[in-house]
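Asks: Sharing structure31.tsv (TSV, C-alpha atoms) below.
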```tsv
chain	number	residue	atom	x	y	z
A	1	MET	CA	0.00	0.00	0.00
A	2	ASN	CA	1.59	3.28	-1.05
A	3	SER	CA	1.44	6.55	0.84
A	4	ALA	CA	-1.08	8.10	-1.57
A	5	GLN	CA	-3.57	5.29	-0.95
A	6	SER	CA	-3.05	5.54	2.80
A	7	LEU	CA	-3.53	9.30	2.70
A	8	CYS	CA	-6.76	8.92	0.71
A	9	SER	CA	-8.12	6.40	3.24
A	10	GLU	CA	-7.31	8.68	6.16
A	11	SER	CA	-8.92	11.65	4.39
A	12	ILE	CA	-12.13	9.66	3.92
A	13	LYS	CA	-12.20	8.68	7.60
A	14	ARG	CA	-11.59	12.23	8.78
A	15	LEU	CA	-14.34	13.50	6.51
A	16	ALA	CA	-16.74	10.80	7.75
A	17	ALA	CA	-16.09	11.85	11.35
A	18	GLN	CA	-16.59	15.52	10.48
A	19	ILE	CA	-19.93	14.70	8.84
A	20	GLY	CA	-21.05	12.93	12.01
A	21	PHE	CA	-20.77	9.22	11.33
A	22	ASP	CA	-20.11	7.19	14.46
A	23	ALA	CA	-17.85	4.60	12.82
A	24	VAL	CA	-16.16	4.01	9.49
A	25	GLY	CA	-14.04	1.21	8.10
A	26	ILE	CA	-12.68	-0.01	4.79
A	27	ALA	CA	-12.58	-3.55	3.41
A	28	LYS	CA	-11.00	-4.95	0.29
A	29	ALA	CA	-13.65	-5.97	-2.26
A	30	ASP	CA	-13.47	-9.72	-2.59
A	31	GLN	CA	-15.62	-12.83	-2.67
A	32	VAL	CA	-17.65	-13.47	0.46
A	33	ASP	CA	-16.30	-16.30	2.64
A	34	GLN	CA	-17.66	-19.74	1.71
A	35	SER	CA	-18.90	-20.32	5.26
A	36	GLU	CA	-21.06	-17.20	4.99
A	37	ILE	CA	-22.38	-18.27	1.59
A	38	LYS	CA	-23.27	-21.75	2.86
A	39	GLN	CA	-25.05	-20.42	5.93
A	40	ARG	CA	-27.15	-18.19	3.73
A	41	GLU	CA	-27.94	-21.08	1.38
A	42	ASP	CA	-29.02	-23.25	4.33
A	43	TRP	CA	-31.16	-20.39	5.65
A	44	ILE	CA	-32.92	-20.09	2.31
A	45	LYS	CA	-33.38	-23.86	1.99
A	46	SER	CA	-35.06	-23.86	5.40
A	47	SER	CA	-37.53	-21.22	4.11
A	48	MET	CA	-36.55	-18.84	6.90
A	49	ASN	CA	-36.72	-15.96	4.42
A	50	ALA	CA	-40.53	-16.47	4.46
A	51	SER	CA	-42.19	-14.59	1.59
A	52	MET	CA	-39.11	-12.48	0.83
A	53	SER	CA	-38.37	-14.31	-2.42
A	54	TYR	CA	-36.15	-11.46	-3.61
A	55	LEU	CA	-33.55	-12.72	-1.14
A	56	GLU	CA	-33.24	-15.89	-3.23
A	57	ARG	CA	-32.22	-13.95	-6.33
A	58	ASN	CA	-28.91	-12.39	-7.38
A	59	THR	CA	-26.80	-14.87	-5.45
A	60	ASP	CA	-23.77	-13.95	-7.55
A	61	LEU	CA	-24.10	-10.28	-6.59
A	62	ARG	CA	-24.52	-11.14	-2.90
A	63	SER	CA	-21.45	-13.37	-3.03
A	64	ASP	CA	-19.11	-10.86	-4.64
A	65	PRO	CA	-19.54	-7.04	-4.59
A	66	ARG	CA	-17.38	-6.77	-7.68
A	67	PHE	CA	-20.41	-7.95	-9.65
A	68	LEU	CA	-22.40	-5.07	-8.14
A	69	MET	CA	-19.81	-2.60	-9.37
A	70	PRO	CA	-17.37	-3.79	-12.02
A	71	GLY	CA	-13.87	-2.69	-11.11
A	72	CYS	CA	-14.73	-2.29	-7.42
A	73	LYS	CA	-11.63	-2.58	-5.25
A	74	SER	CA	-12.72	-1.20	-1.88
A	75	ILE	CA	-15.84	-1.04	0.28
A	76	ILE	CA	-16.26	1.87	2.69
A	77	VAL	CA	-18.70	1.02	5.48
A	78	LEU	CA	-20.18	3.76	7.66
A	79	ALA	CA	-22.40	3.52	10.75
A	80	ALA	CA	-24.69	6.17	12.18
A	81	SER	CA	-26.52	5.90	15.49
A	82	TYR	CA	-30.29	6.46	15.58
A	83	TYR	CA	-30.65	6.07	19.34
A	84	ALA	CA	-32.69	8.65	21.26
A	85	GLU	CA	-34.21	8.56	24.73
A	86	ILE	CA	-37.66	9.08	23.24
A	87	SER	CA	-39.19	5.78	22.20
A	88	SER	CA	-42.50	4.16	21.37
A	89	LYS	CA	-44.05	1.00	22.76
A	90	ILE	CA	-45.48	0.06	19.36
A	91	ILE	CA	-43.01	1.36	16.74
A	92	ALA	CA	-39.33	0.40	16.34
A	93	ARG	CA	-36.90	3.18	17.28
A	94	TYR	CA	-35.28	3.33	13.85
A	95	ALA	CA	-38.58	4.34	12.23
A	96	LEU	CA	-39.43	7.26	14.52
A	97	GLY	CA	-37.43	9.83	12.55
A	98	ASP	CA	-36.89	10.57	8.87
A	99	ASP	CA	-36.35	7.76	6.39
A	100	TYR	CA	-32.72	6.65	6.78
A	101	HIS	CA	-32.40	5.75	3.10
A	102	ASP	CA	-32.75	9.39	2.08
A	103	VAL	CA	-30.81	10.86	5.01
A	104	LEU	CA	-27.75	8.63	4.66
A	105	ARG	CA	-27.51	9.04	0.89
A	106	GLU	CA	-27.36	12.79	1.42
A	107	LYS	CA	-24.85	12.53	4.27
A	108	VAL	CA	-22.27	10.54	2.26
A	109	GLN	CA	-22.28	12.94	-0.69
A	110	PRO	CA	-19.15	14.81	0.48
A	111	ILE	CA	-17.28	11.50	0.57
A	112	THR	CA	-18.38	10.38	-2.89
A	113	GLU	CA	-17.63	13.87	-4.22
A	114	LEU	CA	-14.10	13.64	-2.81
A	115	LEU	CA	-13.57	10.31	-4.55
A	116	HIS	CA	-14.99	11.67	-7.80
A	117	GLN	CA	-12.64	14.66	-7.61
A	118	LEU	CA	-9.75	12.22	-7.29
A	119	GLY	CA	-10.91	10.46	-10.46
A	120	PHE	CA	-12.61	7.43	-8.90
A	121	SER	CA	-16.08	5.96	-9.40
A	122	THR	CA	-18.53	5.06	-6.63
A	123	ARG	CA	-21.77	3.22	-5.96
A	124	VAL	CA	-23.73	3.90	-2.78
A	125	CYS	CA	-25.74	1.10	-1.15
A	126	VAL	CA	-28.13	1.54	1.76
A	127	ASP	CA	-30.53	-1.41	1.94
A	128	SER	CA	-30.88	-0.89	-1.80
A	129	ALA	CA	-28.70	-3.61	-3.32
A	130	PRO	CA	-28.18	-7.37	-2.85
A	131	MET	CA	-25.23	-6.98	-0.52
A	132	ALA	CA	-24.20	-8.65	2.75
A	133	GLU	CA	-23.81	-5.32	4.54
A	134	ARG	CA	-23.29	-6.63	8.09
A	135	TYR	CA	-20.72	-9.11	6.82
A	136	TRP	CA	-18.80	-6.30	5.13
A	137	ALA	CA	-19.14	-4.07	8.18
A	138	ALA	CA	-17.40	-6.76	10.22
A	139	LYS	CA	-14.75	-7.22	7.51
A	140	ALA	CA	-14.13	-3.46	7.56
A	141	GLY	CA	-13.63	-3.51	11.32
A	142	VAL	CA	-16.73	-1.45	12.07
A	143	GLY	CA	-18.23	-4.06	14.42
A	144	PHE	CA	-19.19	-7.68	14.97
A	145	ILE	CA	-22.38	-9.65	14.41
A	146	GLY	CA	-24.43	-10.59	17.47
A	147	LEU	CA	-26.61	-13.63	18.10
A	148	ASN	CA	-29.63	-11.68	16.86
A	149	SER	CA	-27.80	-11.23	13.51
A	150	LEU	CA	-27.44	-7.46	14.01
A	151	LEU	CA	-24.15	-5.61	13.76
A	152	ILE	CA	-22.83	-4.40	17.10
A	153	VAL	CA	-20.43	-1.46	16.98
A	154	PRO	CA	-18.07	-1.43	20.00
A	155	ASN	CA	-18.97	1.26	22.57
A	156	ILE	CA	-21.94	2.29	20.41
A	157	GLY	CA	-24.22	-0.74	20.19
A	158	SER	CA	-26.51	-2.14	17.52
A	159	ARG	CA	-28.87	0.80	17.18
A	160	VAL	CA	-27.14	2.01	14.05
A	161	PHE	CA	-27.83	2.41	10.36
A	162	LEU	CA	-25.27	1.14	7.86
A	163	ILE	CA	-24.35	2.51	4.47
A	164	GLU	CA	-21.71	1.31	2.03
A	165	ILE	CA	-19.74	3.07	-0.67
A	166	LEU	CA	-18.28	0.79	-3.35
A	167	THR	CA	-15.39	2.34	-5.22
A	168	ASN	CA	-12.67	1.46	-7.71
A	169	ALA	CA	-10.17	3.30	-5.51
A	170	ASN	CA	-7.62	0.89	-4.05
A	171	LEU	CA	-7.85	2.12	-0.47
A	172	GLU	CA	-5.97	0.95	2.60
A	173	SER	CA	-8.07	-1.73	4.29
A	174	ASP	CA	-8.77	-2.07	7.99
A	175	ASN	CA	-8.44	-5.29	9.95
A	176	PRO	CA	-11.69	-7.21	10.54
A	177	CYS	CA	-13.29	-6.74	13.96
A	178	GLU	CA	-12.03	-9.55	16.20
A	179	LEU	CA	-14.54	-8.94	19.00
A	180	SER	CA	-17.57	-11.16	19.38
A	181	CYS	CA	-20.95	-11.36	21.04
A	182	ILE	CA	-20.76	-12.49	24.69
A	183	LYS	CA	-23.56	-14.97	23.88
A	184	CYS	CA	-25.54	-14.24	27.01
A	185	GLY	CA	-28.62	-15.48	25.13
A	186	LYS	CA	-30.87	-12.65	26.32
A	187	CYS	CA	-31.95	-11.79	22.78
A	188	ILE	CA	-32.97	-15.40	22.14
A	189	THR	CA	-34.91	-15.67	25.40
A	190	CYS	CA	-36.79	-12.40	25.09
A	191	CYS	CA	-37.79	-12.63	21.40
A	192	PRO	CA	-41.62	-12.58	21.37
A	193	GLY	CA	-41.83	-14.86	18.33
A	194	LYS	CA	-38.89	-17.09	19.32
A	195	ALA	CA	-37.40	-16.26	15.95
A	196	ILE	CA	-33.71	-15.99	16.87
A	197	ASN	CA	-31.54	-19.04	16.29
A	198	ASP	CA	-28.29	-19.74	18.11
A	199	ASN	CA	-26.21	-19.46	14.90
A	200	LYS	CA	-26.75	-15.72	14.32
A	201	THR	CA	-29.71	-16.21	12.00
A	202	VAL	CA	-33.35	-15.24	12.35
A	203	ASP	CA	-36.43	-17.15	11.20
A	204	ALA	CA	-38.42	-14.41	9.47
A	205	ARG	CA	-41.60	-16.48	9.66
A	206	ARG	CA	-41.66	-15.86	13.41
A	207	CYS	CA	-40.07	-12.39	13.54
A	208	LEU	CA	-42.38	-9.49	14.41
A	209	SER	CA	-40.32	-7.08	12.34
A	210	TYR	CA	-40.92	-9.18	9.25
A	211	LEU	CA	-44.57	-9.83	10.05
A	212	THR	CA	-45.43	-6.16	10.65
A	213	ILE	CA	-43.40	-4.71	7.77
A	214	GLU	CA	-42.57	-7.17	4.99
A	215	TYR	CA	-45.48	-9.62	5.22
A	216	ARG	CA	-48.30	-8.53	2.91
A	217	ASP	CA	-51.12	-11.03	3.43
A	218	GLU	CA	-53.77	-11.25	6.11
A	219	PHE	CA	-52.80	-12.66	9.49
A	220	ASP	CA	-53.97	-15.92	10.99
A	221	ASP	CA	-56.51	-15.24	13.72
A	222	GLU	CA	-54.27	-16.66	16.45
A	223	LEU	CA	-51.17	-14.61	15.58
A	224	ASN	CA	-50.07	-12.47	18.53
A	225	LEU	CA	-48.18	-9.30	17.59
A	226	HIS	CA	-47.39	-8.57	21.26
A	227	GLY	CA	-48.49	-4.97	20.78
A	228	ARG	CA	-46.02	-4.27	17.98
A	229	LEU	CA	-47.39	-2.07	15.21
A	230	TYR	CA	-44.22	-1.58	13.15
A	231	GLY	CA	-41.02	-3.47	13.82
A	232	CYS	CA	-39.68	-4.83	17.10
A	233	ASP	CA	-36.87	-3.73	19.43
A	234	ARG	CA	-36.97	-6.43	22.10
A	235	CYS	CA	-33.68	-8.15	21.22
A	236	GLN	CA	-31.91	-4.79	21.16
A	237	ASP	CA	-33.53	-3.53	24.35
A	238	VAL	CA	-32.11	-6.42	26.39
A	239	CYS	CA	-28.69	-6.56	24.70
A	240	PRO	CA	-25.87	-5.70	27.17
A	241	HIS	CA	-23.99	-3.95	24.36
A	242	ASN	CA	-26.84	-1.43	24.14
A	243	GLN	CA	-26.88	-0.38	27.77
A	244	ASP	CA	-24.90	2.74	26.86
A	245	SER	CA	-25.96	3.31	23.27
A	246	ALA	CA	-24.36	6.31	21.60
A	247	PRO	CA	-26.91	9.11	21.04
A	248	LEU	CA	-27.73	10.10	17.48
A	249	LYS	CA	-25.77	12.89	15.81
A	250	PHE	CA	-27.94	13.39	12.74
A	251	GLU	CA	-30.94	15.46	13.80
A	252	GLN	CA	-33.04	13.96	10.99
A	253	PHE	CA	-33.24	10.77	13.05
A	254	THR	CA	-34.75	12.58	16.03
A	255	PRO	CA	-38.11	10.93	16.85
A	256	ARG	CA	-41.11	12.82	15.55
A	257	PRO	CA	-43.58	13.46	18.40
A	258	ASP	CA	-46.61	12.76	16.19
A	259	VAL	CA	-45.13	9.33	15.32
A	260	ALA	CA	-43.71	8.41	18.72
A	261	ASN	CA	-46.99	9.26	20.46
A	262	LEU	CA	-49.27	7.39	18.08
A	263	THR	CA	-51.69	4.87	19.56
A	264	VAL	CA	-52.99	1.69	18.00
A	265	GLU	CA	-56.53	3.06	18.16
A	266	GLN	CA	-55.52	6.18	16.19
A	267	VAL	CA	-53.98	4.05	13.46
A	268	ALA	CA	-57.03	1.77	13.27
A	269	THR	CA	-59.21	4.76	12.27
A	270	MET	CA	-56.59	6.69	10.28
A	271	THR	CA	-57.53	8.12	6.89
A	272	GLN	CA	-55.26	8.11	3.85
A	273	GLU	CA	-54.80	11.87	4.21
A	274	GLN	CA	-53.74	11.50	7.84
A	275	PHE	CA	-51.40	8.64	6.95
A	276	SER	CA	-49.70	10.61	4.15
A	277	LYS	CA	-49.25	13.66	6.38
A	278	THR	CA	-48.00	11.80	9.46
A	279	PHE	CA	-45.53	9.57	7.63
A	280	LYS	CA	-44.27	11.91	4.93
A	281	GLY	CA	-40.56	11.21	4.55
A	282	SER	CA	-40.79	8.26	6.95
A	283	ALA	CA	-39.72	4.65	6.46
A	284	ILE	CA	-43.13	3.61	7.82
A	285	LYS	CA	-44.73	4.50	4.50
A	286	ARG	CA	-43.32	1.15	3.34
A	287	THR	CA	-46.27	-0.71	4.89
A	288	LYS	CA	-48.89	1.56	3.30
A	289	LEU	CA	-52.02	2.47	5.22
A	290	SER	CA	-53.61	-0.91	4.57
A	291	GLY	CA	-50.69	-2.77	6.15
A	292	LEU	CA	-50.49	-0.51	9.17
A	293	LYS	CA	-54.23	-0.77	9.76
A	294	ARG	CA	-54.04	-4.55	9.46
A	295	ASN	CA	-51.41	-4.54	12.20
A	296	ALA	CA	-53.44	-2.22	14.42
A	297	LEU	CA	-56.60	-4.28	14.09
A	298	GLN	CA	-54.66	-7.47	14.91
A	299	ILE	CA	-53.28	-5.88	18.07
A	300	ILE	CA	-56.78	-4.82	19.11
A	301	LYS	CA	-57.99	-8.33	18.45
A	302	ASN	CA	-55.13	-9.73	20.53
A	303	LYS	CA	-56.16	-7.50	23.43
A	304	THR	CA	-59.78	-8.60	23.10
A	305	ASP	CA	-58.81	-12.28	23.05
```
Could you show the structure in this file as structure tokens?

Replies:
Amino acid sequence: MNSAQSLCSESIKRLAAQIGFDAVGIAKADQVDQSEIKQREDWIKSSMNASMSYLERNTDLRSDPRFLMPGCKSIIVLAASYYAEISSKIIARYALGDDYHDVLREKVQPITELLHQLGFSTRVCVDSAPMAERYWAAKAGVGFIGLNSLLIVPNIGSRVFLIEILTNANLESDNPCELSCIKCGKCITCCPGKAINDNKTVDARRCLSYLTIEYRDEFDDELNLHGRLYGCDRCQDVCPHNQDSAPLKFEQFTPRPDVANLTVEQVATMTQEQFSKTFKGSAIKRTKLSGLKRNALQIIKNKTD
């Protein structure tokens, strides 16, 4: 690694810190480890991806980021905390502020612009491409993967958003994170749907985050959502690594009072106009009004039962 490449890597990291990212690391673009590929294949074969058939496609892209961006040599992984003291009993913390897809894409622009000025190409990925982002975050030294399959950033926790920048710049790579989950098992024990396996995978068919966000059909009458309207935070709430979560730095992730204070009963009677106004620029729009109402009515039914 020459001095110019090292200098470029350090400039990117300094800029990321100035912008407000909580952690940043760089990994060499390469094929994903075979053990990771096999675990994913076994997960799919066991139908733990539920109705998310899109996860079965583009296996070549998921196995090698160089197919996502021809000529890619480096992967820059950045993490941003979304933790705030304000929370909701029915909505996951990450969805209480502005949509992270839009916010993070805007936040990394100074970094991509720097690379472009130096003559390099980039591709930004934030939950928008078939990429093993937590795997690459660990490879880049940003954090390690916990039993609940979430990335845990040392001294920050798992309440973070991830974003990746693929580039043809041959940057200086960081060492993979050698830390690991303490395997206390609290996330497994507390999961309402008993969806967390002991091999760092999650059975989506039992996961309340999947059921309240990704699942599109009607629920079985006996399904218990445990009061969760959109997403679930239980495994993160009990995780020892989250006892001192780093507070958010990007004000766009600050919980919106009108979202954080919503009740199930309000959602059950919400009009399309109210839905569009309340969730403008929010990740919650993903479920559409019909999906959110379905969830609310199921929770009400659960209470009645």

Asks: May I ask which of the residues A:Arg216, A:Arg294, A:Lys303, A:Lys280 is the closest one to Asp99 in chain A, counting only C-alpha atoms?

Replies: A:Lys280

Asks: Ile188 in chain A: which residues within 8 Å, counting all atoms listed in the file, same-chain residues fewer than 5 positions away excluded, as a VMD selection string?

Replies: chain A and resid 147 to 148 194 to 198 235

Asks: So, counting only C-alpha atoms, which residue among A:Ile300, A:Val153, A:Leu114, A:Ala283 is closest to Leu225 in chain A?

Replies: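 Of the candidates, the smallest distance to Leu225 in chain A is held by A:Ile300.
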
Asks: Please determine, counting all atoms listed in the file, which residue among A:Thr201, A:Arg286, A:Arg234, A:Thr271 has the shortest atom-to-atom distance to Ser46 in chain A.

Replies: A:Thr201

Asks: What gap, in Å, lies between CA of Ile213 in chain A and CA of Met52 in chain A?

Replies: 11.3 Å

Asks: Using only C-alpha atoms, which protein or nucleic acid residues come within 9 Å of Val124 in chain A? Drop anything in the same chain fewer than 5 positions from it, and give the result as a PyMOL selection string.

Replies: chain A and resi 105+108+112+163-167

Asks: In Å to one decimal, how far is CA of Ala95 in chain A from CA of Ile111 in chain A?

Replies: 25.3 Å

Asks: Let me make sure I understand: among A:Glu222, A:Glu265, A:Asp237, A:Asp217, which one has the smallest atom-to-atom distance to Gly157 in chain A if we use only C-alpha atoms?

Replies: A:Asp237

Asks: Pick out the closest residue to Ala84 in chain A from this set: A:Lys285, A:Arg205, A:Lys186, A:Lys249. Count only C-alpha atoms.

Replies: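 Among the listed residues, A:Lys249 lies closest to Ala84 in chain A.
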
Asks: Which residue out of A:Glu273, A:Leu289, A:Tyr82, A:Asn302 has the minimum interatomic distance to Val103 in chain A when only C-alpha atoms are used?

Replies: A:Tyr82

Asks: Counting only C-alpha atoms, note down every residue that has an atom within 12 Å of the point (-31.3, -0.3, -3.1) (file coordinates), as a PyMOL selection string.

Replies: chain A and resi 68+101-102+105+123-131+133+163-164

Asks: Could you please take those selected residues and save C-alpha atoms as a PDB file, in the frame of the given file?

Replies:
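Generated file (part_23.pdb):
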```pdb
ATOM      1  CA  LEU A  68     -22.400  -5.070  -8.140  1.00  0.00           C
ATOM      2  CA  HIS A 101     -32.400   5.750   3.100  1.00  0.00           C
ATOM      3  CA  ASP A 102     -32.750   9.390   2.080  1.00  0.00           C
ATOM      4  CA  ARG A 105     -27.510   9.040   0.890  1.00  0.00           C
ATOM      5  CA  ARG A 123     -21.770   3.220  -5.960  1.00  0.00           C
ATOM      6  CA  VAL A 124     -23.730   3.900  -2.780  1.00  0.00           C
ATOM      7  CA  CYS A 125     -25.740   1.100  -1.150  1.00  0.00           C
ATOM      8  CA  VAL A 126     -28.130   1.540   1.760  1.00  0.00           C
ATOM      9  CA  ASP A 127     -30.530  -1.410   1.940  1.00  0.00           C
ATOM     10  CA  SER A 128     -30.880  -0.890  -1.800  1.00  0.00           C
ATOM     11  CA  ALA A 129     -28.700  -3.610  -3.320  1.00  0.00           C
ATOM     12  CA  PRO A 130     -28.180  -7.370  -2.850  1.00  0.00           C
ATOM     13  CA  MET A 131     -25.230  -6.980  -0.520  1.00  0.00           C
ATOM     14  CA  GLU A 133     -23.810  -5.320   4.540  1.00  0.00           C
ATOM     15  CA  ILE A 163     -24.350   2.510   4.470  1.00  0.00           C
ATOM     16  CA  GLU A 164     -21.710   1.310   2.030  1.00  0.00           C
TER      17      GLU A 164
END
```

Asks: Hey, what's within 12 Å of Leu115 in chain A if we count all atoms listed in the file and toss same-chain stuff fewer than 2 positions away? As a VMD selection string, please?

Replies: chain A and resid 5 8 to 9 11 to 12 15 74 76 108 to 113 117 to 123 165 to 171

Asks: Do you have the CA of Asp221 in chain A-CA of Asp233 in chain A distance handy?

Replies: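 Value for the CA of Asp221 in chain A-CA of Asp233 in chain A distance: 23.5 Å.
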
Asks: Which neighbours of Gly20 in chain A fall inside 10 Å, counting only C-alpha atoms, when residues of the same chain fewer than 6 positions from it are skipped, and could you give them as a list in words?

Replies: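 Once the adjacent positions are removed, what remains is Ala79, Ala80, Ser81, Lys107, Leu248, Lys249 and Phe250 of chain A.
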
Asks: Ser35 in chain A: which residues within 12 Å, counting all atoms listed in the file, same-chain residues fewer than 6 positions away excluded, as a PDB file with C-alpha atoms, in the coordinates of the input?

Replies:
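Below is the file selection_38.pdb, written as the result:
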```pdb
ATOM      1  CA  GLU A  41     -27.940 -21.080   1.380  1.00  0.00           C
ATOM      2  CA  ASP A  42     -29.020 -23.250   4.330  1.00  0.00           C
ATOM      3  CA  SER A  63     -21.450 -13.370  -3.030  1.00  0.00           C
ATOM      4  CA  TYR A 135     -20.720  -9.110   6.820  1.00  0.00           C
TER       5      TYR A 135
END
```

Asks: Mind writing range 234-242 of chain A to a file for me, with all heavy atoms, as a short mmCIF file (atom, residue, chain, number, x, y, z; two decimals), in the first residue's frame?

Replies:
```
data_model
loop_
_atom_site.label_atom_id
_atom_site.label_comp_id
_atom_site.auth_asym_id
_atom_site.auth_seq_id
_atom_site.Cartn_x
_atom_site.Cartn_y
_atom_site.Cartn_z
N ARG A 234 -37.21 -5.67 20.88
CA ARG A 234 -36.97 -6.43 22.10
C ARG A 234 -35.54 -6.96 22.20
O ARG A 234 -34.90 -6.86 23.24
CB ARG A 234 -37.97 -7.59 22.20
CG ARG A 234 -39.36 -7.17 22.56
CD ARG A 234 -39.42 -6.59 23.99
NE ARG A 234 -39.11 -7.60 24.99
CZ ARG A 234 -38.40 -7.35 26.10
NH1 ARG A 234 -37.90 -6.14 26.31
NH2 ARG A 234 -38.17 -8.30 26.98
N CYS A 235 -35.03 -7.57 21.13
CA CYS A 235 -33.68 -8.15 21.22
C CYS A 235 -32.62 -7.09 21.44
O CYS A 235 -31.58 -7.35 22.05
CB CYS A 235 -33.38 -9.00 19.98
SG CYS A 235 -33.27 -8.08 18.44
N GLN A 236 -32.87 -5.87 20.97
CA GLN A 236 -31.91 -4.79 21.16
C GLN A 236 -32.06 -4.17 22.55
O GLN A 236 -31.08 -3.75 23.16
CB GLN A 236 -32.09 -3.72 20.09
CG GLN A 236 -31.82 -4.22 18.68
CD GLN A 236 -31.62 -3.08 17.70
OE1 GLN A 236 -30.54 -2.50 17.62
NE2 GLN A 236 -32.65 -2.76 16.96
N ASP A 237 -33.28 -4.12 23.03
CA ASP A 237 -33.53 -3.53 24.35
C ASP A 237 -32.82 -4.30 25.46
O ASP A 237 -32.39 -3.70 26.47
CB ASP A 237 -35.03 -3.48 24.65
CG ASP A 237 -35.75 -2.45 23.78
OD1 ASP A 237 -35.08 -1.56 23.24
OD2 ASP A 237 -36.99 -2.55 23.66
N VAL A 238 -32.71 -5.61 25.32
CA VAL A 238 -32.11 -6.42 26.39
C VAL A 238 -30.62 -6.67 26.18
O VAL A 238 -29.95 -7.22 27.05
CB VAL A 238 -32.83 -7.78 26.55
CG1 VAL A 238 -34.30 -7.57 26.84
CG2 VAL A 238 -32.65 -8.64 25.30
N CYS A 239 -30.09 -6.28 25.03
CA CYS A 239 -28.69 -6.56 24.70
C CYS A 239 -27.75 -5.76 25.60
O CYS A 239 -27.84 -4.52 25.66
CB CYS A 239 -28.42 -6.23 23.24
SG CYS A 239 -26.69 -6.53 22.75
N PRO A 240 -26.81 -6.42 26.29
CA PRO A 240 -25.87 -5.70 27.17
C PRO A 240 -25.05 -4.65 26.42
O PRO A 240 -24.64 -3.65 27.00
CB PRO A 240 -24.97 -6.82 27.71
CG PRO A 240 -25.80 -8.05 27.62
CD PRO A 240 -26.63 -7.88 26.37
N HIS A 241 -24.80 -4.89 25.14
CA HIS A 241 -23.99 -3.95 24.36
C HIS A 241 -24.74 -2.65 24.09
O HIS A 241 -24.14 -1.68 23.61
CB HIS A 241 -23.59 -4.59 23.03
CG HIS A 241 -22.70 -5.78 23.18
ND1 HIS A 241 -21.37 -5.68 23.50
CD2 HIS A 241 -22.96 -7.11 23.08
CE1 HIS A 241 -20.83 -6.89 23.57
NE2 HIS A 241 -21.77 -7.77 23.33
N ASN A 242 -26.05 -2.63 24.37
CA ASN A 242 -26.84 -1.43 24.14
C ASN A 242 -27.16 -0.66 25.42
O ASN A 242 -27.95 0.29 25.38
CB ASN A 242 -28.16 -1.79 23.43
CG ASN A 242 -27.96 -2.09 21.96
OD1 ASN A 242 -26.99 -1.64 21.36
ND2 ASN A 242 -28.88 -2.85 21.38
#
```
